[in-house]
Every structure is written in structure tokens, then in C-alpha cells.
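Visitor: One file is attached below, query_32.cif, containing mmCIF, C-alpha atoms.
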data_my_file
loop_
_atom_site.group_PDB
_atom_site.id
_atom_site.type_symbol
_atom_site.label_atom_id
_atom_site.label_comp_id
_atom_site.auth_asym_id
_atom_site.auth_seq_id
_atom_site.Cartn_x
_atom_site.Cartn_y
_atom_site.Cartn_z
ATOM 1 C CA MET S 6 9.798 -13.812 -17.185
ATOM 2 C CA GLU S 7 7.894 -10.544 -17.333
ATOM 3 C CA GLN S 8 5.097 -12.222 -19.320
ATOM 4 C CA VAL S 9 4.825 -14.953 -16.692
ATOM 5 C CA ALA S 10 4.550 -12.326 -13.948
ATOM 6 C CA ARG S 11 1.859 -10.451 -15.853
ATOM 7 C CA TRP S 12 -0.178 -13.608 -16.455
ATOM 8 C CA THR S 13 0.268 -14.733 -12.864
ATOM 9 C CA TYR S 14 -1.015 -11.417 -11.564
ATOM 10 C CA THR S 15 -3.982 -11.501 -13.945
ATOM 11 C CA ILE S 16 -4.872 -15.061 -12.952
ATOM 12 C CA PHE S 17 -4.673 -14.183 -9.255
ATOM 13 C CA VAL S 18 -6.975 -11.175 -9.740
ATOM 14 C CA VAL S 19 -9.454 -13.360 -11.657
ATOM 15 C CA LEU S 20 -9.330 -15.866 -8.776
ATOM 16 C CA ALA S 21 -10.102 -13.061 -6.326
ATOM 17 C CA ILE S 22 -13.058 -11.946 -8.440
ATOM 18 C CA VAL S 23 -14.451 -15.463 -8.832
ATOM 19 C CA ALA S 24 -14.045 -16.148 -5.103
ATOM 20 C CA GLY S 25 -15.733 -12.833 -4.298
ATOM 21 C CA LEU S 26 -18.664 -13.633 -6.557
ATOM 22 C CA ALA S 27 -19.049 -17.125 -5.077
ATOM 23 C CA VAL S 28 -18.792 -16.057 -1.443
ATOM 24 C CA GLY S 29 -20.926 -12.969 -2.051
ATOM 25 C CA TYR S 30 -23.659 -15.146 -3.503
ATOM 26 C CA MET S 31 -23.402 -17.584 -0.591
ATOM 27 C CA ALA S 32 -23.596 -14.720 1.922
ATOM 28 C CA TRP S 33 -26.623 -13.236 0.181
ATOM 29 C CA ASN S 34 -28.247 -16.660 0.069
ATOM 30 C CA GLY S 35 -28.010 -16.887 3.855
ATOM 31 C CA ASN S 36 -25.285 -19.535 4.082
ATOM 32 C CA ALA S 37 -22.743 -19.394 6.886
ATOM 33 C CA ILE S 38 -19.533 -18.203 5.260
ATOM 34 C CA ALA S 39 -17.209 -17.512 8.212
ATOM 35 C CA ASP S 40 -14.972 -20.521 7.546
ATOM 36 C CA ILE S 41 -14.963 -20.094 3.778
ATOM 37 C CA ASN S 42 -14.283 -16.367 4.080
ATOM 38 C CA GLY S 43 -11.307 -16.987 6.361
ATOM 39 C CA TRP S 44 -9.795 -19.569 4.018
ATOM 40 C CA VAL S 45 -10.284 -17.394 0.943
ATOM 41 C CA ILE S 46 -8.643 -14.428 2.665
ATOM 42 C CA LEU S 47 -5.719 -16.640 3.715
ATOM 43 C CA VAL S 48 -5.251 -17.853 0.128
ATOM 44 C CA MET S 49 -5.442 -14.272 -1.194
ATOM 45 C CA LEU S 50 -2.842 -13.133 1.365
ATOM 46 C CA ILE S 51 -0.488 -15.940 0.317
ATOM 47 C CA LEU S 52 -0.968 -15.116 -3.373
ATOM 48 C CA GLY S 53 -0.300 -11.442 -2.618
ATOM 49 C CA ILE S 54 2.934 -12.347 -0.847
ATOM 50 C CA ILE S 55 3.992 -14.407 -3.858
ATOM 51 C CA ILE S 56 3.334 -11.458 -6.192
ATOM 52 C CA GLY S 57 5.059 -9.030 -3.838
ATOM 53 C CA LEU S 58 8.187 -11.145 -3.657
ATOM 54 C CA THR S 59 8.468 -12.166 -7.292
ATOM 55 C CA SER S 60 6.541 -10.241 -9.888
ATOM 56 C CA ILE S 61 6.703 -6.467 -9.671
ATOM 57 C CA THR S 62 9.581 -4.846 -11.582
ATOM 58 C CA THR S 63 11.275 -1.576 -10.638
ATOM 59 C CA LYS S 64 9.372 0.468 -13.224
ATOM 60 C CA GLU S 65 6.035 -0.978 -12.034
ATOM 61 C CA VAL S 66 6.530 -0.092 -8.361
ATOM 62 C CA MET S 67 4.996 3.392 -8.368
ATOM 63 C CA PRO S 68 1.876 2.563 -10.454
ATOM 64 C CA PHE S 69 1.316 -0.612 -8.446
ATOM 65 C CA LEU S 70 1.567 1.184 -5.103
ATOM 66 C CA ILE S 71 -0.770 3.969 -6.241
ATOM 67 C CA ALA S 72 -3.334 1.457 -7.496
ATOM 68 C CA SER S 73 -3.033 -0.535 -4.263
ATOM 69 C CA ILE S 74 -3.570 2.576 -2.155
ATOM 70 C CA ALA S 75 -6.670 3.435 -4.198
ATOM 71 C CA LEU S 76 -8.050 -0.081 -3.700
ATOM 72 C CA ILE S 77 -7.378 -0.085 0.027
ATOM 73 C CA VAL S 78 -8.949 3.345 0.516
ATOM 74 C CA ALA S 79 -12.017 2.381 -1.531
ATOM 75 C CA ALA S 80 -12.421 -0.830 0.446
ATOM 76 C CA SER S 81 -12.025 0.896 3.809
ATOM 77 C CA TYR S 82 -14.990 3.119 3.053
ATOM 78 C CA ASP S 83 -18.090 1.107 2.262
ATOM 79 C CA VAL S 84 -18.572 2.520 -1.236
ATOM 80 C CA TRP S 85 -20.940 -0.275 -2.204
ATOM 81 C CA SER S 86 -23.626 0.374 0.426
ATOM 82 C CA GLY S 87 -25.790 2.209 -2.128
ATOM 83 C CA LEU S 88 -26.120 -1.018 -4.111
ATOM 84 C CA ALA S 89 -28.048 -2.575 -1.222
ATOM 85 C CA VAL S 90 -30.886 -0.171 -2.037
ATOM 86 C CA ILE S 91 -31.109 -1.664 -5.519
ATOM 87 C CA HIS S 92 -30.590 -5.286 -4.483
ATOM 88 C CA ASP S 93 -28.787 -6.965 -1.597
ATOM 89 C CA LEU S 94 -27.111 -9.431 -3.962
ATOM 90 C CA LEU S 95 -25.347 -6.606 -5.843
ATOM 91 C CA TYR S 96 -23.997 -5.269 -2.566
ATOM 92 C CA ALA S 97 -22.777 -8.699 -1.389
ATOM 93 C CA LEU S 98 -21.052 -9.432 -4.687
ATOM 94 C CA ALA S 99 -19.302 -6.054 -4.875
ATOM 95 C CA PHE S 100 -18.318 -6.156 -1.191
ATOM 96 C CA TYR S 101 -16.666 -9.573 -1.341
ATOM 97 C CA VAL S 102 -14.963 -9.020 -4.707
ATOM 98 C CA THR S 103 -13.419 -5.796 -3.369
ATOM 99 C CA ARG S 104 -12.487 -7.452 -0.083
ATOM 100 C CA TYR S 105 -10.634 -10.294 -1.795
ATOM 101 C CA ILE S 106 -8.834 -8.078 -4.286
ATOM 102 C CA VAL S 107 -7.621 -5.937 -1.374
ATOM 103 C CA ALA S 108 -6.626 -9.059 0.579
ATOM 104 C CA PHE S 109 -4.542 -9.991 -2.453
ATOM 105 C CA ALA S 110 -3.097 -6.525 -3.182
ATOM 106 C CA ALA S 111 -2.332 -5.348 0.375
ATOM 107 C CA PRO S 112 0.459 -7.807 1.251
ATOM 108 C CA ALA S 113 2.016 -7.308 -2.175
ATOM 109 C CA ALA S 114 1.912 -3.526 -1.676
ATOM 110 C CA ILE S 115 3.464 -3.794 1.788
ATOM 111 C CA LEU S 116 6.306 -5.981 0.541
ATOM 112 C CA ILE S 117 6.951 -3.762 -2.473
ATOM 113 C CA ALA S 118 6.911 -0.632 -0.307
ATOM 114 C CA ILE S 119 9.441 -2.218 2.066
ATOM 115 C CA LYS S 120 11.663 -3.222 -0.866
ATOM 116 C CA SER S 121 11.452 0.337 -2.227
ATOM 117 C CA VAL S 122 12.396 1.898 1.104
ATOM 118 C CA LEU S 123 15.334 -0.483 1.451
ATOM 119 C CA ALA S 124 16.469 0.368 -2.081
ATOM 120 C CA MET S 125 16.293 4.094 -1.303
ATOM 121 C CA ALA S 126 18.243 3.570 1.927
ATOM 122 C CA LYS S 127 21.005 1.728 0.020
ATOM 123 C CA GLU S 128 21.357 4.628 -2.418
ATOM 124 C CA LYS S 129 22.146 7.151 0.330
#
Turn the structure described in the file into C-alpha cells.

Guide:
Amino acid sequence: MEQVARWTYTIFVVLAIVAGLAVGYMAWNGNAIADINGWVILVMLILGIIIGLTSITTKEVMPFLIASIALIVAASYDVWSGLAVIHDLLYALAFYVTRYIVAFAAPAAILIAIKSVLAMAKEK
């Protein structure tokens, strides 16, 4: 079961990267992406909920939450803006890939944090 969870998580991250590259290219190309962006974020949120409910084991909680916090902090500050100086396409690709990975990781992190707090409350 642990192998299935690991592969599922990897596949979901690859989906987030591919979606970010596709939408980033469409945004750079001048296409209207509002609808597509909304649907991709919704799918990433659903996938994150699935991971949060099913895949993270007790020993993976702390590393997962730390990595999720790092991703969310990096995404909240526009770290990719310097890429726009080199080429706007690089900025668009990096921005959307990061956005979709965070949209995937954030709900999983919230659910895992809630499960951890409930587990700590049961112990006391």
C-alpha cells in the first residue's frame, strides 16, 4: 500500500507540473486562461484532498508538513519575478507550475495537520 501511495503522489505532482507548463505557455501566448486555470486548480485541490486523506503515513507527517510550508511560503512571495527579465515565458511557466503544486499540496497539508492535532489531543 505504501508503494501505491508513493506512486500516486508522484503521479499527482507530475500532473501539476504538466498542467503548469501547459497553462503557463497558454498564458504567455496571450490566450485567455481564466476558465482553464480555475478547473486545473479545482482538480489539484481534489487530488490534494485525496492524498491528505489516504497516503501520508505517521512517519512522513513532519517532513511532508515542512516541505508543504516551504512550498506555500515560496509561492506566496513571487520568487520567479526575476525570470521575467530573462524571458516572460520562463516566468509564466515557473509561476503556474508552482501555483499548481501548491494547490495540490496545501489541502493535503491542512488535512494532515488536522489529523496530527487530533492525534496529539487523543494522547493527552

Visitor: Tell me, in Å to one decimal, how far CA of Phe17 in chain S is from CA of Leu52 in chain S.

Guide: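 For CA of Phe17 in chain S relative to CA of Leu52 in chain S, the distance reads 7.0 Å.
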
Visitor: Check which residues satisfy the PyMOL selection byres ((chain S and resi 116-122) around 12) in the file shown, then give them as a PyMOL selection string.

Guide: chain S and resi 50+53-71+73-74+109-115+123-129

Visitor: Taking into account only C-alpha atoms, which residue in the set S:Tyr14, S:Tyr96, S:Tyr101, S:Trp85 is nearest to Ile41 in chain S?

Guide: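 Looking only at the distances to Ile41 in chain S, the closest residue turns out to be S:Tyr101.
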
Visitor: Would you mind telling me which residue in S:Tyr30, S:Gly35, S:Ala24, S:Arg11 lies nearest to Val48 in chain S when using all atoms listed in the file?

Guide: S:Ala24

Visitor: Please provide the set of residues having any atom within 12 Å of Ser81 in chain S, restricted to only C-alpha atoms, with same-chain residues fewer than 2 positions apart removed, written as number ranges by chain.

Guide: S: 74-79, 83-85, 100, 103-104, 107-108

Visitor: Which residue, S:Ala21, S:Leu26, S:Ala97, S:Trp33, has the smallest gap to Val45 in chain S when you use all atoms listed in the file?

Guide: S:Ala21

Visitor: By how many Å are CA of Leu94 in chain S and CA of Gly25 in chain S apart?

Guide: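 Taking CA of Leu94 in chain S and CA of Gly25 in chain S, their separation equals 11.9 Å.
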